[in-house]
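K.L.:
Okay, so here is input16.txt, and as you'll see once you scroll down, it has compact mmCIF, C-alpha atoms and all ligand atoms.
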# COMPACT_ATOMS: atom_id res chain seq x y z
CA MET D 1 -27.02 66.52 12.90
CA PRO D 2 -26.60 69.14 10.15
CA MET D 3 -29.75 71.16 9.56
CA THR D 4 -31.62 70.88 6.27
CA ILE D 5 -32.52 74.16 4.52
CA SER D 6 -35.03 74.25 1.69
CA ILE D 7 -36.74 77.08 -0.18
CA ARG D 8 -40.32 76.82 -1.45
CA ASP D 9 -43.15 79.09 -2.57
CA ALA D 10 -45.26 80.45 0.31
CA THR D 11 -48.86 79.32 0.75
CA LEU D 12 -51.73 80.89 2.69
CA SER D 13 -51.16 78.42 5.51
CA ASP D 14 -47.81 80.17 6.16
CA ALA D 15 -49.55 83.42 7.19
CA ASN D 16 -49.10 82.88 10.92
CA ALA D 17 -45.39 82.02 10.64
CA ILE D 18 -44.88 84.97 8.27
CA ALA D 19 -46.60 87.34 10.73
CA LEU D 20 -44.33 86.15 13.56
CA LEU D 21 -41.19 86.59 11.43
CA THR D 22 -42.40 90.02 10.29
CA GLY D 23 -42.31 91.04 13.96
CA GLN D 24 -38.57 90.26 13.86
CA LEU D 25 -38.30 92.53 10.81
CA GLY D 26 -39.63 95.25 13.11
CA TYR D 27 -43.25 95.47 11.96
CA ASP D 28 -46.23 94.22 14.00
CA VAL D 29 -48.67 92.41 11.70
CA SER D 30 -51.61 90.21 12.73
CA SER D 31 -52.02 86.74 11.20
CA GLU D 32 -55.28 87.93 9.62
CA ASP D 33 -53.67 90.94 7.94
CA ALA D 34 -50.73 88.78 6.83
CA ALA D 35 -53.14 86.23 5.29
CA ALA D 36 -55.12 88.92 3.41
CA ARG D 37 -51.97 90.58 2.06
CA LEU D 38 -50.30 87.28 1.20
CA GLY D 39 -53.41 86.18 -0.71
CA ARG D 40 -53.19 89.25 -2.95
CA ILE D 41 -49.44 88.82 -3.45
CA LEU D 42 -49.70 85.12 -4.32
CA SER D 43 -52.36 85.83 -6.95
CA ARG D 44 -49.94 87.97 -9.00
CA PRO D 45 -47.37 86.61 -11.45
CA ASP D 46 -45.10 89.64 -10.97
CA GLN D 47 -44.50 88.74 -7.31
CA CYS D 48 -42.33 86.08 -5.69
CA PHE D 49 -42.90 85.16 -2.03
CA VAL D 50 -40.82 82.30 -0.73
CA ILE D 51 -40.21 80.58 2.58
CA ALA D 52 -36.94 79.06 3.73
CA GLU D 53 -37.51 76.06 5.95
CA VAL D 54 -35.07 74.64 8.46
CA ASP D 55 -35.90 71.04 9.26
CA GLN D 56 -39.35 71.50 7.66
CA ARG D 57 -40.21 74.59 9.73
CA PRO D 58 -40.50 78.16 8.32
CA ALA D 59 -37.36 80.05 9.35
CA ALA D 60 -37.28 82.98 6.91
CA TRP D 61 -39.20 84.68 4.15
CA LEU D 62 -38.35 86.79 1.11
CA HIS D 63 -40.72 88.86 -1.02
CA ALA D 64 -39.57 90.12 -4.42
CA ALA D 65 -41.61 92.03 -6.99
CA ILE D 66 -41.17 93.39 -10.49
CA VAL D 67 -41.31 97.18 -10.64
CA GLU D 68 -42.20 99.07 -13.82
CA SER D 69 -41.27 102.72 -14.32
CA ILE D 70 -40.60 105.17 -17.13
CA GLU D 71 -37.07 106.04 -16.12
CA ALA D 72 -35.67 102.50 -16.01
CA ASP D 73 -36.19 99.06 -17.46
CA PRO D 74 -38.26 96.74 -15.26
CA PHE D 75 -36.29 95.56 -12.26
CA VAL D 76 -36.84 93.24 -9.32
CA MET D 77 -37.20 94.90 -5.94
CA ILE D 78 -36.60 92.98 -2.72
CA ALA D 79 -39.72 94.12 -0.86
CA GLY D 80 -38.88 92.25 2.34
CA LEU D 81 -36.50 89.70 3.83
CA VAL D 82 -36.15 88.33 7.33
CA VAL D 83 -34.45 85.32 8.88
CA ASP D 84 -35.45 83.98 12.30
CA ARG D 85 -32.99 85.22 14.96
CA GLN D 86 -32.22 81.62 15.92
CA HIS D 87 -31.05 80.81 12.40
CA ARG D 88 -29.07 83.89 11.36
CA ARG D 89 -25.49 83.72 10.07
CA SER D 90 -25.96 80.24 8.66
CA GLY D 91 -26.43 81.14 5.00
CA ILE D 92 -30.22 81.34 4.80
CA GLY D 93 -30.42 85.04 3.87
CA ALA D 94 -27.79 84.51 1.18
CA ALA D 95 -29.69 81.49 -0.18
CA LEU D 96 -32.90 83.54 -0.38
CA LEU D 97 -31.12 86.37 -2.21
CA ARG D 98 -29.72 83.85 -4.72
CA HIS D 99 -33.27 82.59 -5.25
CA ALA D 100 -34.49 86.14 -5.91
CA GLU D 101 -31.60 86.77 -8.31
CA GLN D 102 -32.45 83.60 -10.24
CA TRP D 103 -36.13 84.60 -10.36
CA ALA D 104 -35.14 88.06 -11.65
CA THR D 105 -33.15 86.44 -14.45
CA GLU D 106 -36.09 84.22 -15.35
CA GLN D 107 -38.29 87.35 -15.50
CA ARG D 108 -35.76 88.92 -17.91
CA CYS D 109 -34.84 91.62 -15.38
CA THR D 110 -31.21 92.67 -15.26
CA LEU D 111 -31.19 94.43 -11.87
CA VAL D 112 -32.19 93.50 -8.35
CA ARG D 113 -32.67 96.56 -6.16
CA LEU D 114 -33.68 97.24 -2.57
CA TRP D 115 -34.18 100.06 -0.14
CA SER D 116 -33.23 99.52 3.50
CA SER D 117 -33.74 101.73 6.56
CA ALA D 118 -30.65 103.74 7.45
CA ALA D 119 -30.63 102.24 10.96
CA ARG D 120 -30.03 98.69 9.65
CA VAL D 121 -26.28 99.16 9.53
CA ALA D 122 -25.31 95.47 9.98
CA THR D 123 -27.86 94.45 7.35
CA HIS D 124 -26.20 96.81 4.89
CA ARG D 125 -22.94 94.90 5.40
CA PHE D 126 -24.84 91.68 4.62
CA TYR D 127 -26.02 93.14 1.28
CA GLU D 128 -22.54 94.45 0.47
CA HIS D 129 -21.13 90.94 1.14
CA ARG D 130 -23.65 89.64 -1.39
CA GLY D 131 -22.46 92.06 -4.10
CA PHE D 132 -25.06 94.85 -3.68
CA ILE D 133 -23.79 98.41 -4.23
CA ASN D 134 -25.18 101.40 -2.36
CA VAL D 135 -25.87 103.88 -5.17
CA LYS D 136 -27.79 106.66 -3.38
CA THR D 137 -29.41 107.88 -0.17
CA GLN D 138 -33.07 108.89 -0.11
CA VAL D 139 -35.71 110.36 2.21
CA SER D 140 -39.10 108.70 2.70
CA PHE D 141 -42.29 110.80 2.38
CA VAL D 142 -45.87 109.69 3.04
CA LYS D 143 -49.25 111.45 2.95
CA PRO D 144 -52.57 109.90 4.05
CA VAL D 145 -55.42 110.45 1.56
CA GLY D 146 -59.20 110.01 1.50
CA GLY D 147 -59.59 111.14 5.10
CA ALA D 148 -57.72 108.15 6.48
CA GLN D 149 -55.71 108.62 9.67
CA PRO D 150 -53.31 105.67 9.67
CA ASP D 151 -50.64 105.29 12.32
CA LEU D 152 -47.62 106.39 10.32
CA GLN D 153 -45.29 105.10 13.03
CA LYS D 154 -46.21 101.59 11.83
CA LEU D 155 -44.21 102.30 8.68
CA VAL D 156 -41.05 102.76 10.73
CA PRO D 157 -39.45 99.45 11.73
CA ARG D 158 -38.05 98.66 15.16
CA VAL D 159 -34.46 97.87 14.37
CA GLU D 160 -32.52 95.60 16.72
CA GLU D 161 -29.08 95.65 15.20
CA GLN D 162 -26.85 92.66 15.48
CA SER D 163 -23.08 92.88 15.16
C1 LIG E 201 -30.03 90.54 7.17
C2 LIG E 201 -30.43 89.07 7.30
C3 LIG E 201 -31.59 88.78 6.36
C4 LIG E 201 -29.20 88.21 6.92
O1 LIG E 201 -29.61 86.84 6.92
P1 LIG E 201 -28.60 85.70 7.42
O2 LIG E 201 -29.24 84.40 7.11
O3 LIG E 201 -28.26 85.96 8.83
O4 LIG E 201 -27.32 85.97 6.51
P2 LIG E 201 -26.32 84.87 5.95
O5 LIG E 201 -26.00 83.89 7.02
O6 LIG E 201 -26.86 84.30 4.69
O7 LIG E 201 -25.04 85.76 5.62
C5 LIG E 201 -24.52 85.88 4.32
C6 LIG E 201 -23.29 86.72 4.33
O8 LIG E 201 -23.51 88.00 4.91
C7 LIG E 201 -22.69 88.16 6.06
N1 LIG E 201 -23.50 88.76 7.10
C8 LIG E 201 -24.69 88.36 7.52
N2 LIG E 201 -25.14 89.15 8.53
C9 LIG E 201 -24.15 90.05 8.71
C10 LIG E 201 -23.98 91.10 9.62
N3 LIG E 201 -24.90 91.38 10.56
N4 LIG E 201 -22.85 91.83 9.56
C11 LIG E 201 -21.89 91.53 8.66
N5 LIG E 201 -21.99 90.53 7.76
C12 LIG E 201 -23.11 89.81 7.81
C13 LIG E 201 -22.25 86.78 6.45
O9 LIG E 201 -21.00 86.79 7.10
C14 LIG E 201 -22.16 86.10 5.13
O10 LIG E 201 -20.99 86.45 4.44
P3 LIG E 201 -20.15 85.36 3.62
O11 LIG E 201 -21.10 84.77 2.59
O12 LIG E 201 -19.04 86.15 3.03
O13 LIG E 201 -19.72 84.36 4.65
C15 LIG E 201 -30.81 88.72 8.79
O14 LIG E 201 -29.75 89.10 9.62
C16 LIG E 201 -32.09 89.39 9.26
O15 LIG E 201 -33.18 88.83 9.10
N6 LIG E 201 -31.95 90.60 9.86
C17 LIG E 201 -33.10 91.33 10.42
C18 LIG E 201 -34.09 91.79 9.36
C19 LIG E 201 -33.46 92.60 8.26
O16 LIG E 201 -32.61 93.45 8.48
N7 LIG E 201 -33.93 92.34 7.04
C20 LIG E 201 -33.53 93.04 5.86
C21 LIG E 201 -34.30 94.31 5.74
S1 LIG E 201 -33.72 95.33 4.39
Can the structure in the file be given as structure tokens, please?

P.N.:
Amino acid sequence: MPMTISIRDATLSDANAIALLTGQLGYDVSSEDAAARLGRILSRPDQCFVIAEVDQRPAAWLHAAIVESIEADPFVMIAGLVVDRQHRRSGIGAALLRHAEQWATEQRCTLVRLWSSAARVATHRFYEHRGFINVKTQVSFVKPVGGAQPDLQKLVPRVEEQS
């Protein structure tokens, strides 16, 4: 039987599934942390967090957000995207990107942008297939403040590249 794919807004009850998928993005997140962060995201109109379901089960998520800056008009940033390993290469990532592009248009933004770790070489091909253009290379700086001593390694994803 052909599988059914549908895209819907995330709800707090998705936190556990989102945390599991986030592990496949290369970041370990507890269900509790995912629920707290998702709650803040869902309360904001400048954020879009959607789930792609395969046969009524969460199989992927995409988070997009409007970014304001002085040097450019507001744009939509893809803050995160992951498709369950079992469901890759069947059009779900592309469908989620189309959803984000449509949302950007509705928000009167004319650009969708994203930053992706240099190690995600196959993922970069996926974005290029979808019409994204690599315009520059950057370095990523971070500095803890207020006496905090966070584990900075948590900001670096484990990347399991597929061909
Ligand atoms: C990148 C990712 C989201 C792609 O999702 P997906 O559902 O597998 O992609 P799709 O099936 O929609 O592929 C869409 C197009 O990209 C191409 N593509 C997808 N993965 C590709 C890859 N690894 N290498 C080359 N092309 C790829 C497909 O061939 C397809 O092209 P077409 O439309 O011309 O046929 C998914 O592989 C993933 O979750 N990867 C791990 C996490 C990650 O890297 N997230 C992004 C962080 S920036």

K.L.:
For Asp46 (chain D), list every protein, DNA or RNA residue within 12 Å, evaluated using all atoms listed in the file, and leave out those in the same chain fewer than 4 positions away; present the list as a short mmCIF file (atom, residue, chain, number, x, y, z; two decimals) with C-alpha atoms, keeping the file's coordinate frame.

P.N.:
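So the final result, stored in result_3.cif, reads:
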data_model
loop_
_atom_site.label_atom_id
_atom_site.label_comp_id
_atom_site.auth_asym_id
_atom_site.auth_seq_id
_atom_site.Cartn_x
_atom_site.Cartn_y
_atom_site.Cartn_z
CA ARG D 40 -53.19 89.25 -2.95
CA ILE D 41 -49.44 88.82 -3.45
CA LEU D 42 -49.70 85.12 -4.32
CA HIS D 63 -40.72 88.86 -1.02
CA ALA D 64 -39.57 90.12 -4.42
CA ALA D 65 -41.61 92.03 -6.99
CA ILE D 66 -41.17 93.39 -10.49
CA VAL D 67 -41.31 97.18 -10.64
CA GLU D 68 -42.20 99.07 -13.82
CA PRO D 74 -38.26 96.74 -15.26
CA PHE D 75 -36.29 95.56 -12.26
CA VAL D 76 -36.84 93.24 -9.32
CA MET D 77 -37.20 94.90 -5.94
CA TRP D 103 -36.13 84.60 -10.36
CA ALA D 104 -35.14 88.06 -11.65
CA GLU D 106 -36.09 84.22 -15.35
CA GLN D 107 -38.29 87.35 -15.50
CA ARG D 108 -35.76 88.92 -17.91
CA CYS D 109 -34.84 91.62 -15.38
#

K.L.:
Determine the axis-aligned bounding box of all atoms of ligand LIG 201 (chain E) present in the file, pad each side by 5 Å, and express its centre and edge lengths in Å to one decimal place as AutoDock Vina command-line options.

P.N.:
--center_x -26.7 --center_y 89.6 --center_z 6.6 --size_x 25.3 --size_y 21.4 --size_z 18.0

K.L.:
For ligand LIG 201 (chain E), list the contacting residues at 10 Å or closer, counting all atoms listed in the file, as number ranges by chain.

P.N.:
D: 21-26, 52, 59-62, 78-98, 114-131, 157-163

K.L.:
Provide the CA of Gln102 (chain D) to CA of Asp9 (chain D) distance in Å, to one decimal place.

P.N.:
13.9 Å

K.L.:
Using all atoms listed in the file for the distances, tell me which of D:Ala15, D:Val156, D:Val145, D:Ile51 is nearest to Gly39 (chain D).

P.N.:
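Of D:Ala15, D:Val156, D:Val145, D:Ile51, the one nearest Gly39 (chain D), counting all atoms listed in the file, is D:Ala15.
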
K.L.:
Please, what distance in Å, to one decimal, runs between CA of Thr4 (chain D) and CA of Val54 (chain D)?

P.N.:
5.6 Å

K.L.:
Separation of CA of Ala10 (chain D) and CA of Pro58 (chain D), in Å?

P.N.:
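Separation between CA of Ala10 (chain D) and CA of Pro58 (chain D): 9.6 Å.
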
K.L.:
So that I can see what lies close to Leu155 (chain D), please list as JSON, numbers by chain the residues with an atom at most 10 Å from it, counting all atoms listed in the file and leaving out residues fewer than 6 positions away in the same chain.

P.N.:
{"D": [26, 27, 28, 142]}

K.L.:
Which residue, D:Ser30, D:Asp14, D:Ile7, D:Leu20, has the smallest gap to Val50 (chain D) when you use all atoms listed in the file?

P.N.:
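Checking each of D:Ser30, D:Asp14, D:Ile7, D:Leu20 against Val50 (chain D), counting all atoms listed in the file, the winner is D:Ile7.
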
K.L.:
So that I can check the surroundings of Ala19 (chain D), please list as a ChimeraX atom specification every protein, DNA and RNA residue that reaches within 7 Å of it, counting only C-alpha atoms and ignoring chain neighbours fewer than 6 positions away.

P.N.:
/D:29-31,34

K.L.:
Select, from D:Arg113, D:Arg8, D:Lys143, D:Lys154, the residue with the minimum atom-to-atom distance to His99 (chain D), counting only C-alpha atoms.

P.N.:
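Closest residue, counting only C-alpha atoms: D:Arg8.
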